[in-house]
Structure formats: structure tokens, C-alpha cells
file coords.cif (mmCIF, C-alpha atoms)
data_run
loop_
_atom_site.label_atom_id
_atom_site.label_comp_id
_atom_site.auth_asym_id
_atom_site.auth_seq_id
_atom_site.Cartn_x
_atom_site.Cartn_y
_atom_site.Cartn_z
CA MET G 1008 -80.04 -31.24 -78.90
CA GLN G 1009 -76.53 -31.78 -77.66
CA GLY G 1010 -75.22 -29.17 -75.15
CA MET G 1011 -72.86 -26.64 -76.74
CA GLU G 1012 -69.27 -26.29 -75.61
CA GLY G 1013 -68.92 -23.88 -72.68
CA GLU G 1014 -66.08 -21.86 -74.23
CA MET G 1015 -67.99 -21.45 -77.50
CA LEU G 1016 -71.00 -20.20 -75.55
CA LYS G 1017 -68.96 -17.76 -73.48
CA GLY G 1018 -67.71 -16.13 -76.65
CA HIS G 1019 -71.29 -15.33 -77.64
CA LEU G 1020 -72.74 -14.76 -74.19
CA ASP G 1021 -73.35 -11.03 -74.69
CA MET G 1022 -75.29 -11.62 -77.90
CA ILE G 1023 -77.29 -14.45 -76.29
CA VAL G 1024 -78.29 -12.19 -73.39
CA LEU G 1025 -79.14 -9.31 -75.72
CA ALA G 1026 -81.25 -11.64 -77.87
CA ALA G 1027 -83.15 -12.97 -74.83
CA LEU G 1028 -83.83 -9.46 -73.57
CA SER G 1029 -84.83 -8.28 -77.01
CA ALA G 1030 -87.42 -11.07 -77.10
CA ALA G 1031 -88.58 -10.75 -73.50
CA GLY G 1032 -88.73 -6.95 -73.30
CA SER G 1033 -87.72 -6.48 -69.68
CA ALA G 1034 -86.88 -9.37 -67.39
CA HIS G 1035 -84.96 -10.38 -64.28
CA GLY G 1036 -81.98 -12.73 -64.32
CA TYR G 1037 -83.92 -15.95 -63.74
CA ALA G 1038 -86.46 -15.11 -66.44
CA ILE G 1039 -83.64 -14.27 -68.88
CA ILE G 1040 -82.02 -17.66 -68.25
CA GLU G 1041 -85.36 -19.42 -68.73
CA GLU G 1042 -85.90 -17.47 -71.96
CA ILE G 1043 -82.45 -18.51 -73.21
CA LYS G 1044 -83.12 -22.16 -72.37
CA ARG G 1045 -86.58 -22.07 -73.96
CA ARG G 1046 -85.53 -20.36 -77.17
CA SER G 1047 -82.42 -22.50 -77.61
CA GLY G 1048 -84.29 -25.74 -76.95
CA GLY G 1049 -82.03 -26.36 -73.94
CA ALA G 1050 -78.86 -26.27 -76.04
CA PHE G 1051 -77.30 -23.44 -74.05
CA ASP G 1052 -76.51 -24.95 -70.71
CA LEU G 1053 -74.17 -22.56 -68.93
CA PRO G 1054 -73.84 -22.33 -65.15
CA GLU G 1055 -76.69 -19.93 -64.35
CA GLY G 1056 -74.43 -17.64 -62.32
CA THR G 1057 -72.46 -16.74 -65.45
CA ILE G 1058 -75.38 -14.67 -66.74
CA TYR G 1059 -75.22 -12.13 -63.90
CA PRO G 1060 -71.69 -10.81 -64.54
CA ALA G 1061 -72.69 -10.59 -68.22
CA LEU G 1062 -75.76 -8.51 -67.30
CA HIS G 1063 -73.66 -6.18 -65.15
CA ARG G 1064 -71.03 -5.84 -67.85
CA LEU G 1065 -73.62 -5.02 -70.51
CA GLN G 1066 -75.19 -2.47 -68.20
CA GLN G 1067 -71.78 -0.91 -67.61
CA ALA G 1068 -71.36 -0.66 -71.37
CA GLY G 1069 -74.67 1.23 -71.57
CA LEU G 1070 -76.45 -1.54 -73.49
CA LEU G 1071 -78.80 -2.42 -70.64
CA THR G 1072 -80.63 -0.53 -67.96
CA SER G 1073 -81.91 -1.98 -64.69
CA ARG G 1074 -84.28 -1.13 -61.88
CA TRP G 1075 -85.16 -2.77 -58.59
CA VAL G 1076 -88.74 -3.88 -58.04
CA THR G 1077 -90.48 -5.87 -55.33
CA ALA G 1078 -91.60 -9.28 -56.59
CA GLU G 1079 -94.84 -10.97 -55.55
CA SER G 1080 -92.78 -13.08 -53.15
CA GLY G 1081 -91.78 -9.85 -51.38
CA ARG G 1082 -88.13 -10.23 -52.43
CA ARG G 1083 -86.23 -7.44 -54.12
CA ARG G 1084 -85.73 -8.16 -57.79
CA ARG G 1085 -83.54 -6.49 -60.39
CA VAL G 1086 -85.20 -6.14 -63.77
CA TYR G 1087 -83.15 -5.49 -66.92
CA ALA G 1088 -84.13 -4.01 -70.27
CA LEU G 1089 -82.30 -3.06 -73.45
CA THR G 1090 -81.42 0.59 -73.91
CA ARG G 1091 -81.72 2.19 -77.34
CA ARG G 1092 -77.98 1.70 -77.70
CA GLY G 1093 -78.42 -1.95 -76.69
CA ASP G 1094 -81.11 -2.37 -79.35
CA ARG G 1095 -78.78 -0.99 -81.99
CA ALA G 1096 -75.85 -3.11 -80.75
CA PHE G 1097 -78.00 -6.24 -80.90
CA ALA G 1098 -79.20 -5.45 -84.43
CA GLU G 1099 -75.59 -4.96 -85.58
CA ARG G 1100 -74.35 -8.15 -83.92
CA ARG G 1101 -77.28 -10.08 -85.29
CA LYS G 1102 -76.48 -8.91 -88.82
CA VAL G 1103 -72.81 -9.88 -88.46
CA TRP G 1104 -73.78 -13.25 -86.98
CA GLU G 1105 -76.24 -14.00 -89.78
CA GLN G 1106 -73.59 -13.23 -92.41
CA PHE G 1107 -71.04 -15.38 -90.58
CA SER G 1108 -73.52 -18.20 -90.05
CA ALA G 1109 -74.57 -18.15 -93.73
CA ALA G 1110 -70.93 -18.25 -94.83
CA ILE G 1111 -70.13 -21.18 -92.54
CA GLY G 1112 -73.30 -22.91 -93.66
CA ASP G 1113 -72.27 -22.54 -97.32
CA LEU G 1114 -68.77 -23.74 -96.52
CA LEU G 1115 -69.92 -26.82 -94.66
CA GLY G 1116 -72.75 -27.55 -97.07
CA GLY G 1117 -70.44 -27.48 -100.08
CA ALA G 1118 -67.57 -29.35 -98.46
CA GLN G 1119 -66.77 -32.84 -99.71
CA PRO G 1120 -65.46 -35.51 -97.33
CA TRP G 1121 -61.67 -35.57 -97.47
CA HIS G 1122 -60.03 -38.74 -98.67
CA ASN G 1123 -56.45 -39.56 -97.83
CA PRO G 1124 -54.75 -40.62 -101.09
CA ALA G 1125 -52.19 -42.75 -99.24
CA MET A 1413 -89.79 -16.98 -45.73
CA ALA A 1414 -87.39 -18.95 -43.57
CA GLN A 1415 -83.80 -18.78 -44.74
CA SER A 1416 -82.41 -22.12 -45.74
CA GLY A 1417 -78.94 -23.01 -44.55
CA VAL A 1418 -77.90 -24.14 -48.03
CA ILE A 1419 -78.90 -20.92 -49.77
CA SER A 1420 -77.81 -18.53 -47.04
CA ASP A 1421 -74.42 -20.30 -46.78
CA TYR A 1422 -73.99 -19.96 -50.51
CA LEU A 1423 -74.98 -16.28 -50.42
CA ASP A 1424 -72.59 -15.66 -47.51
CA ARG A 1425 -69.73 -17.26 -49.42
CA LEU A 1426 -70.53 -15.26 -52.54
CA ALA A 1427 -70.78 -11.99 -50.59
CA GLY A 1428 -67.52 -12.88 -48.81
CA GLU A 1429 -65.74 -13.36 -52.16
CA LEU A 1430 -67.12 -9.99 -53.32
CA ALA A 1431 -66.03 -8.18 -50.13
CA PHE A 1432 -63.62 -6.04 -52.21
CA ASP A 1433 -66.68 -4.04 -53.40
CA ARG A 1434 -69.34 -3.89 -50.67
CA PRO A 1435 -72.11 -2.10 -52.65
CA LEU A 1436 -71.65 -4.65 -55.46
CA ALA A 1437 -71.67 -7.52 -52.93
CA ARG A 1438 -74.97 -6.27 -51.43
CA GLY A 1439 -76.66 -5.90 -54.83
CA VAL A 1440 -75.42 -9.23 -56.18
CA ARG A 1441 -76.44 -11.02 -52.98
CA GLN A 1442 -80.02 -9.73 -53.30
CA GLU A 1443 -80.15 -10.57 -56.97
CA VAL A 1444 -78.79 -14.09 -56.51
CA GLU A 1445 -81.02 -14.72 -53.51
CA ASP A 1446 -84.07 -13.92 -55.63
CA HIS A 1447 -82.76 -16.22 -58.37
CA LEU A 1448 -82.09 -19.17 -56.07
CA TRP A 1449 -85.45 -19.00 -54.32
CA GLU A 1450 -87.24 -18.74 -57.63
CA ALA A 1451 -85.32 -21.78 -58.87
CA VAL A 1452 -86.40 -23.66 -55.72
CA ALA A 1453 -90.03 -22.61 -56.22
CA GLU A 1454 -89.95 -23.81 -59.85
CA ALA A 1455 -88.23 -27.11 -59.04
CA SER A 1456 -90.19 -30.31 -59.44
CA ALA A 1457 -88.32 -32.00 -56.58
CA SER A 1458 -90.53 -32.72 -53.59
CA ASP A 1459 -87.58 -32.56 -51.24
CA MET A 1460 -86.94 -28.89 -50.35
CA LEU A 1461 -83.32 -29.47 -49.35
CA GLU A 1462 -82.57 -31.29 -52.58
CA ALA A 1463 -84.19 -28.46 -54.60
CA GLN A 1464 -82.00 -25.89 -52.82
CA GLN A 1465 -78.85 -27.95 -53.35
CA ARG A 1466 -79.69 -28.28 -57.03
CA ALA A 1467 -80.38 -24.53 -57.37
CA VAL A 1468 -77.01 -23.74 -55.81
CA ALA A 1469 -75.19 -26.33 -57.93
CA ASN A 1470 -76.80 -25.00 -61.13
CA PHE A 1471 -75.76 -21.48 -60.24
CA GLY A 1472 -72.08 -22.34 -60.24
CA ASP A 1473 -68.90 -21.95 -58.23
CA VAL A 1474 -68.85 -18.76 -56.13
CA ARG A 1475 -65.17 -18.17 -56.92
CA VAL A 1476 -65.73 -18.29 -60.67
CA ILE A 1477 -68.67 -15.89 -60.42
CA ALA A 1478 -66.79 -13.57 -58.02
CA ALA A 1479 -63.79 -13.51 -60.37
CA GLN A 1480 -66.02 -12.35 -63.24
CA PHE A 1481 -67.55 -9.64 -61.04
CA ALA A 1482 -64.09 -8.60 -59.88
CA ILE A 1483 -63.11 -7.68 -63.45
CA ILE A 1484 -66.31 -5.65 -63.87
CA SER A 1485 -65.76 -3.87 -60.55
CA LEU A 1486 -62.17 -3.11 -61.42
CA ALA A 1487 -63.18 -1.71 -64.82
CA LYS A 1488 -65.85 0.48 -63.20
CA HIS A 1489 -63.47 1.86 -60.58
CA SER A 1490 -60.70 2.44 -63.11
CA ARG A 1491 -63.09 4.49 -65.25
CA ARG A 1492 -64.14 6.43 -62.16
CA VAL A 1493 -60.51 7.23 -61.39
CA GLY A 1494 -60.08 8.47 -64.96
CA LEU A 1495 -63.08 10.75 -64.52
CA ALA A 1496 -61.93 11.83 -61.04
CA ALA A 1497 -58.56 12.86 -62.52
CA ILE A 1498 -60.32 15.13 -65.04
CA LEU A 1499 -62.57 16.65 -62.37
CA VAL A 1500 -59.70 17.21 -59.96
CA ILE A 1501 -57.59 18.90 -62.63
CA GLY A 1502 -60.60 21.09 -63.43
CA GLY A 1503 -61.04 21.89 -59.74
CA VAL A 1504 -57.41 22.90 -59.36
CA PHE A 1505 -57.70 25.10 -62.46
CA VAL A 1506 -60.76 26.89 -61.06
CA ALA A 1507 -59.04 27.43 -57.69
CA MET A 1508 -55.93 28.81 -59.46
CA LYS A 1509 -57.97 31.19 -61.61
CA ALA A 1510 -60.10 32.33 -58.65
CA ARG A 1511 -56.92 33.25 -56.76
CA LEU A 1512 -55.55 35.26 -59.69
CA VAL A 1513 -58.88 37.08 -60.11
CA TRP A 1514 -58.81 37.91 -56.41
CA TYR A 1515 -55.25 39.27 -56.59
CA ALA A 1516 -56.32 41.52 -59.49
CA ALA A 1517 -59.47 42.65 -57.67
CA VAL A 1518 -57.67 43.65 -54.48
CA HIS A 1519 -54.64 45.04 -56.41
CA TRP A 1520 -52.12 42.86 -54.61
CA THR A 1521 -48.76 42.98 -56.29
CA MET A 1522 -45.66 41.01 -55.56
CA CYS A 1523 -42.55 42.80 -54.27
CA ASP A 1524 -39.82 43.14 -56.90
CA ASP A 1525 -37.27 41.00 -54.99
CA LEU A 1526 -39.49 37.96 -55.31
CA LYS A 1527 -40.56 38.41 -58.94
CA ALA A 1528 -37.64 36.46 -60.45
CA ALA A 1529 -38.29 33.45 -58.20
CA SER A 1530 -41.99 33.74 -58.93
CA GLU A 1531 -41.39 33.60 -62.70
CA ILE A 1532 -39.39 30.37 -62.42
CA VAL A 1533 -41.98 28.73 -60.16
CA GLY A 1534 -44.77 30.06 -62.41
CA ALA A 1535 -43.17 28.41 -65.46
CA ILE A 1536 -42.87 25.09 -63.61
CA ASP A 1537 -46.50 25.48 -62.54
CA ARG A 1538 -47.73 26.10 -66.11
CA TYR A 1539 -45.81 23.22 -67.69
CA ALA A 1540 -46.80 20.80 -64.92
CA PHE A 1541 -50.43 21.85 -65.21
CA TRP A 1542 -50.66 21.34 -68.98
CA LEU A 1543 -48.78 18.07 -68.62
CA SER A 1544 -51.36 16.87 -66.09
CA VAL A 1545 -54.20 17.98 -68.43
CA ILE A 1546 -52.77 16.13 -71.43
CA ILE A 1547 -51.92 12.95 -69.50
CA GLY A 1548 -55.20 13.04 -67.58
CA LEU A 1549 -57.30 13.40 -70.74
CA GLY A 1550 -55.20 10.74 -72.46
CA GLY A 1551 -55.72 8.32 -69.56
CA PHE A 1552 -59.45 8.99 -69.49
CA ALA A 1553 -59.79 8.38 -73.23
CA TYR A 1554 -57.59 5.28 -73.02
CA ILE A 1555 -59.53 3.53 -70.23
CA ASN A 1556 -62.84 4.29 -71.92
CA SER A 1557 -61.66 3.06 -75.30
CA GLY A 1558 -62.22 -0.66 -74.78
CA ARG A 1559 -64.98 -2.93 -73.55
CA THR A 1560 -64.79 -4.79 -70.27
CA PRO A 1561 -63.70 -8.33 -71.10
CA LEU A 1562 -65.24 -11.52 -69.81
CA VAL A 1563 -61.92 -12.74 -68.43
CA MET A 1564 -58.79 -10.89 -67.37
CA HIS A 1565 -56.74 -11.57 -70.47
CA ARG A 1566 -53.21 -10.30 -71.10
CA GLU A 1567 -54.23 -7.33 -73.27
CA TYR A 1568 -56.66 -6.01 -70.67
CA ARG A 1569 -54.08 -6.42 -67.89
CA GLN A 1570 -51.65 -4.39 -70.00
CA GLN A 1571 -54.29 -1.76 -70.69
CA LEU A 1572 -54.91 -1.38 -66.94
CA ARG A 1573 -51.17 -1.20 -66.22
CA ARG A 1574 -50.70 1.56 -68.81
CA PHE A 1575 -53.74 3.41 -67.48
CA PHE A 1576 -52.40 3.32 -63.91
CA LEU A 1577 -49.06 4.62 -65.19
CA LEU A 1578 -50.86 7.51 -66.91
CA CYS A 1579 -52.89 8.19 -63.77
CA THR A 1580 -49.77 8.16 -61.60
CA ALA A 1581 -48.01 10.52 -64.02
CA ALA A 1582 -51.01 12.91 -64.13
CA THR A 1583 -51.26 12.82 -60.32
CA ALA A 1584 -47.52 13.48 -59.92
CA ALA A 1585 -47.76 16.45 -62.31
CA LEU A 1586 -50.76 17.75 -60.35
CA VAL A 1587 -48.87 17.44 -57.06
CA VAL A 1588 -46.11 19.56 -58.64
CA VAL A 1589 -48.79 22.10 -59.65
CA VAL A 1590 -50.17 22.27 -56.10
CA ILE A 1591 -46.70 22.64 -54.57
CA SER A 1592 -45.82 25.38 -57.11
CA ASP A 1593 -49.12 27.12 -56.38
CA GLY A 1594 -48.34 26.92 -52.67
CA VAL A 1595 -44.95 28.53 -53.26
CA LEU A 1596 -46.48 31.22 -55.52
CA THR A 1597 -49.18 31.96 -52.93
CA ALA A 1598 -46.56 32.24 -50.18
CA LEU A 1599 -44.49 34.60 -52.36
CA GLN A 1600 -47.58 36.67 -53.12
CA LEU A 1601 -48.60 36.92 -49.49
CA ALA A 1602 -45.06 37.60 -48.22
CA GLY A 1603 -44.79 41.17 -47.11
CA THR A 1604 -48.54 41.70 -47.23
CA GLU A 1605 -50.21 42.62 -43.98
CA LEU A 1606 -52.40 39.91 -42.48
CA SER A 1607 -56.05 40.66 -43.27
CA VAL A 1608 -59.42 39.08 -44.06
CA GLY A 1609 -58.32 39.16 -47.71
CA PHE A 1610 -55.90 36.28 -46.94
CA PHE A 1611 -58.88 33.97 -46.70
CA VAL A 1612 -59.41 33.66 -50.48
CA PRO A 1613 -55.87 32.55 -51.45
CA VAL A 1614 -55.54 30.32 -48.38
CA PHE A 1615 -58.96 28.76 -49.01
CA SER A 1616 -58.24 28.22 -52.72
CA MET A 1617 -54.94 26.54 -51.76
CA ALA A 1618 -56.81 24.30 -49.31
CA ILE A 1619 -59.14 23.28 -52.17
CA GLU A 1620 -56.17 22.45 -54.39
CA ILE A 1621 -54.54 20.36 -51.68
CA ALA A 1622 -57.81 18.54 -50.97
CA CYS A 1623 -58.31 17.85 -54.71
CA ALA A 1624 -54.79 16.49 -55.17
CA GLY A 1625 -55.11 14.44 -51.95
CA ALA A 1626 -58.40 12.95 -53.14
CA LEU A 1627 -56.84 11.95 -56.46
CA VAL A 1628 -53.82 10.34 -54.77
CA PHE A 1629 -56.24 8.43 -52.51
CA HIS A 1630 -58.36 7.21 -55.46
CA VAL A 1631 -55.38 6.13 -57.54
CA ARG A 1632 -53.87 4.28 -54.57
CA ARG A 1633 -57.18 2.58 -53.80
CA VAL A 1634 -57.76 1.37 -57.34
CA THR A 1635 -54.18 0.08 -57.47
CA GLN A 1636 -54.84 -1.91 -54.27
CA ARG A 1637 -58.09 -3.16 -55.81
CA THR A 1638 -56.17 -4.37 -58.84
CA ALA A 1639 -53.83 -6.32 -56.58
CA SER A 1640 -56.74 -7.94 -54.71
CA THR A 1641 -58.45 -8.77 -58.01
CA ALA A 1642 -55.27 -10.38 -59.30
CA THR A 1643 -55.12 -12.49 -56.11
CA LEU A 1644 -58.76 -13.51 -56.57
CA LEU A 1645 -58.15 -14.51 -60.19
CA LYS A 1646 -55.06 -16.55 -59.32
CA ARG A 1647 -56.94 -18.84 -56.91
#
call {"tool": "encode", "arguments": {"input": "coords.cif", "output": "C-alpha cells"}}
result
Amino acid sequence: MQGMEGEMLKGHLDMIVLAALSAAGSAHGYAIIEEIKRRSGGAFDLPEGTIYPALHRLQQAGLLTSRWVTAESGRRRRVYALTRRGDRAFAERRKVWEQFSAAIGDLLGGAQPWHNPA
Amino acid sequence: MAQSGVISDYLDRLAGELAFDRPLARGVRQEVEDHLWEAVAEASASDMLEAQQRAVANFGDVRVIAAQFAIISLAKHSRRVGLAAILVIGGVFVAMKARLVWYAAVHWTMCDDLKAASEIVGAIDRYAFWLSVIIGLGGFAYINSGRTPLVMHREYRQQLRRFFLLCTAATAALVVVVISDGVLTALQLAGTELSVGFFVPVFSMAIEIACAGALVFHVRRVTQRTASTATLLKR
């Protein structure tokens, strides 16, 4: 699958992160990125560092919670999870996205190729 | 695990770019360090150095990442200033009321010569206080009304500018309150014999001054932070 445009992805980054966390339960940054890559079939190819500001921003908005744990490697690791508010926000955004996606799908599916009369 | 030069250099640069918020820099450094080493461990490359270089390259430019964190940090501190303004105004109110309760308890009355001056200063005090309450609450509601954006766009910059104006106005009104309270306390204590009872009004005034000073400090600091964030985003 062809890589999506960076700007288009950035516009939906919050929803992508929420979706990955909703699927994974709780996860650290690296695991979230891997989940996004896996579920999107590699289509979402953002610089990995972009995910972390998004995680912090979503936590600031009260949609995520985080805690520090010690990984098997002995390194400190920050693990994120959706809050109840985050769950609700994701469900709302998902609904809006599905409606939008269906509308665009109908529009593109029904569109006829344009012919220049000239 | 031995620190690689590639990863530690990258982490140092990232922490350096985030130096405007040291607790954030420490947390992000730890988080990114874990990420990069995990990426190296998962890499199929047999060459360790190449795997580290790839992990760093995939993570992205430190300046771009730092700029995104700068906006988050600025939003967090702006909200804290909004909350601090409310708490400080509350603190000043409690100190004011405690002083009045004390005057009533010890039956201290003001001499008649000073009452006219006291009424004028008291009116200034009241109006300035309610002005600071209204502006402070307005500022708090305003900064908490929107979400933190991904990039520092024009609307968000304007929102921050308006918020700082509100904060400055609320702080200025509060400074007027504290000065008026100082004058009222001096008028109240004038002509009263020095006693242990002076401690309560003097202490409550000290609290008011400390509260107003703390607010001025916070507003100034977040304004400086905004300037450093703007510099970071311009690069």
C-alpha cells in the first residue's frame, strides 16, 4: 500500500493513536507505533517521534493516562492507556469518521470521469 | 547496557532542545531512550551502529519533535497560570476576610479623622477586587476552552496573546487590591498601640503580598516561555 501523505496523517494523528490504544489496551510508545503500522498494513509511515507529542497532548486533554514501569530490559518505560473520557472521545470520532468515509466513498463511487467538451 | 554514542548524542540534543522545561526534558529523554533501544533490539541489521543510526533517523528531527513538545509545554503552563490566578485571588480574599474578622473580634475601630480616606480606598479596593475576580475567571475559562493544537497556528497564538492580556489585567487589579489593603491596614493600625494583636493584620498583609508576588512571577515566567517557544518554532 502506498504511504499516505504526511499532512493528511497529521490531521488524523489523534484518532490514529486513540484507535491503536483502544485495540492494544495499554501500551508504551514503541508498541503503539508498531500497532499502528501493523493495523494499517504499513500505510501510516510518520516519523516515529511525532507520536510522543501526540501522546502527551492527549494525556493533557484527559483522554489518556500514563504510568512509569520498569521494562524487562531494566529501562524505565511509560505506558499509556485510554481513560473513560478517551474511550468516549474515540467512539465519537470513529462515528464521525465512518459517516465521512461513507459519504466520500459514495461520492467517489458514483462519480463519472469528467470529459472536457472542447 | 553500554550507552551508544549515536543514541546518547541524539538524546542529549533532544534534551538540550527541551531545556525550556526540565521535568519534561527528563521524562521525554527516558521515554525516547526506551524507544530507541527497543528499535535497535528489534532491528534485523547485524551491524549495531547501523541499527542505531536507523533508529535515530526513523525517530525524526529533534527540532521538529522539540517544537511540538514546546507547544504542549506552553499550553500546560498557561493553564497553570490561569489556575494560579484563581487560587491567588482566593488567597487574597481569605486574608482580607480574616483581617476584618480579627478587627471585629478585638473591637478595633478606626479614628474618625481617617474614616473618609478609608472609605475612598475601600471603594477602590472593592472594585479592583471584583475586577480581578471577573478577569481572572474569564481568563481561566478562556485558556481551558480550546484543545492544544498540533502546530502553533495563528488562532492559537492569538488565543495565548489574549489570555496573557487577561492575566496581566487580573494581576494588575490584584496588585491594586494589595496596595489598597496595605493602605487600609495602615489606617486601621494608625493610632493603635503596638501589641501582639498587630501580628494578625501584618501577617495577613504578608500573605497578600506573597500571593500577588507569586502571580506576577508566574505570569512573567510564562510570558518568557512563550518568547522562547516562539524562537524555537522560528528556527
call {"tool": "resolve_selection", "arguments": {"input": "coords.cif", "expression": "the PyMOL selection byres ((chain G) within 9 of (chain A))", "output": "MDAnalysis selection string"}}
result
chainID G and resid 1017:1018 1035:1038 1053:1057 1059:1061 1063:1065 1067:1068 1078 1080 1082:1085
call {"tool": "residues_around", "arguments": {"input": "coords.cif", "residues": "segment 1088-1095 of chain G", "least_positions_apart": "6", "cutoff": "8 Å", "atoms": "all atoms listed in the file", "output": "PyMOL selection string"}}
result
chain G and resi 1025+1028-1029+1032-1034+1069-1073
call {"tool": "atom_distance", "arguments": {"input": "coords.cif", "atom1": "atom CA of Phe1611 of chain A", "atom2": "atom CA of Gly1594 of chain A"}}
result
14.0 Å
call {"tool": "atom_distance", "arguments": {"input": "coords.cif", "atom1": "atom CA of Thr1521 of chain A", "atom2": "atom CA of Ala1622 of chain A"}}
result
26.6 Å
call {"tool": "atom_distance", "arguments": {"input": "coords.cif", "atom1": "atom CA of Val1590 of chain A", "atom2": "atom CA of Glu1620 of chain A"}}
result
6.2 Å
call {"tool": "residues_around", "arguments": {"input": "coords.cif", "residues": "Met1022 of chain G", "least_positions_apart": "6", "cutoff": "10 Å", "atoms": "all atoms listed in the file", "output": "ChimeraX atom specification"}}
result
/G:1016,1028,1096-1098,1100-1101,1104
call {"tool": "resolve_selection", "arguments": {"input": "coords.cif", "expression": "the PyMOL selection byres ((chain A and resi 1503) around 10)", "output": "PyMOL selection string"}}
result
chain A and resi 1497-1502+1504-1509+1616+1619-1620+1622-1624
call {"tool": "closest_residue", "arguments": {"input": "coords.cif", "among": "A:Leu1627, A:Val1533, A:Val1563, A:Arg1475", "to": "Leu1495 of chain A", "atoms": "all atoms listed in the file"}}
result
A:Leu1627
call {"tool": "resolve_selection", "arguments": {"input": "coords.cif", "expression": "the PyMOL selection byres ((chain A and resi 1600-1603) around 9)", "output": "PyMOL selection string"}}
result
chain A and resi 1515+1520-1523+1526+1530+1595-1599+1604-1606+1610+1613
call {"tool": "write_last_selection", "arguments": {"input": "coords.cif", "atoms": "C-alpha atoms", "output": "compact mmCIF listing (two decimals), in the coordinates of the input"}}
result
# COMPACT_ATOMS: atom_id res chain seq x y z
CA TYR A 1515 -55.25 39.27 -56.59
CA TRP A 1520 -52.12 42.86 -54.61
CA THR A 1521 -48.76 42.98 -56.29
CA MET A 1522 -45.66 41.01 -55.56
CA CYS A 1523 -42.55 42.80 -54.27
CA LEU A 1526 -39.49 37.96 -55.31
CA SER A 1530 -41.99 33.74 -58.93
CA VAL A 1595 -44.95 28.53 -53.26
CA LEU A 1596 -46.48 31.22 -55.52
CA THR A 1597 -49.18 31.96 -52.93
CA ALA A 1598 -46.56 32.24 -50.18
CA LEU A 1599 -44.49 34.60 -52.36
CA THR A 1604 -48.54 41.70 -47.23
CA GLU A 1605 -50.21 42.62 -43.98
CA LEU A 1606 -52.40 39.91 -42.48
CA PHE A 1610 -55.90 36.28 -46.94
CA PRO A 1613 -55.87 32.55 -51.45
call {"tool": "closest_residue", "arguments": {"input": "coords.cif", "among": "A:Asp1421, A:Gln1465, A:Ser1640, A:Thr1583", "to": "Ala1626 of chain A", "atoms": "all atoms listed in the file"}}
result
A:Thr1583
call {"tool": "residues_around", "arguments": {"input": "coords.cif", "residues": "Asp1537 of chain A", "least_positions_apart": "4", "cutoff": "9 Å", "atoms": "all atoms listed in the file", "output": "list in words"}}
result
Ile1532, Val1533, Phe1541, Trp1542, Val1588, Val1589, Val1590, Ile1591, Ser1592 and Asp1593 of chain A
call {"tool": "residues_around", "arguments": {"input": "coords.cif", "residues": "Arg1438 of chain A", "least_positions_apart": "6", "cutoff": "12 Å", "atoms": "only C-alpha atoms", "output": "PDB file with C-alpha atoms, keeping the file's coordinate frame"}}
result
ATOM      1  CA  ARG G1083     -86.230  -7.440 -54.120  1.00  0.00           C
TER       2      ARG G1083
ATOM      3  CA  LEU A1423     -74.980 -16.280 -50.420  1.00  0.00           C
ATOM      4  CA  ASP A1424     -72.590 -15.660 -47.510  1.00  0.00           C
ATOM      5  CA  LEU A1426     -70.530 -15.260 -52.540  1.00  0.00           C
ATOM      6  CA  ALA A1427     -70.780 -11.990 -50.590  1.00  0.00           C
ATOM      7  CA  GLY A1428     -67.520 -12.880 -48.810  1.00  0.00           C
ATOM      8  CA  GLU A1429     -65.740 -13.360 -52.160  1.00  0.00           C
ATOM      9  CA  LEU A1430     -67.120  -9.990 -53.320  1.00  0.00           C
ATOM     10  CA  ALA A1431     -66.030  -8.180 -50.130  1.00  0.00           C
ATOM     11  CA  PHE A1432     -63.620  -6.040 -52.210  1.00  0.00           C
ATOM     12  CA  VAL A1444     -78.790 -14.090 -56.510  1.00  0.00           C
ATOM     13  CA  GLU A1445     -81.020 -14.720 -53.510  1.00  0.00           C
TER      14      GLU A1445
END
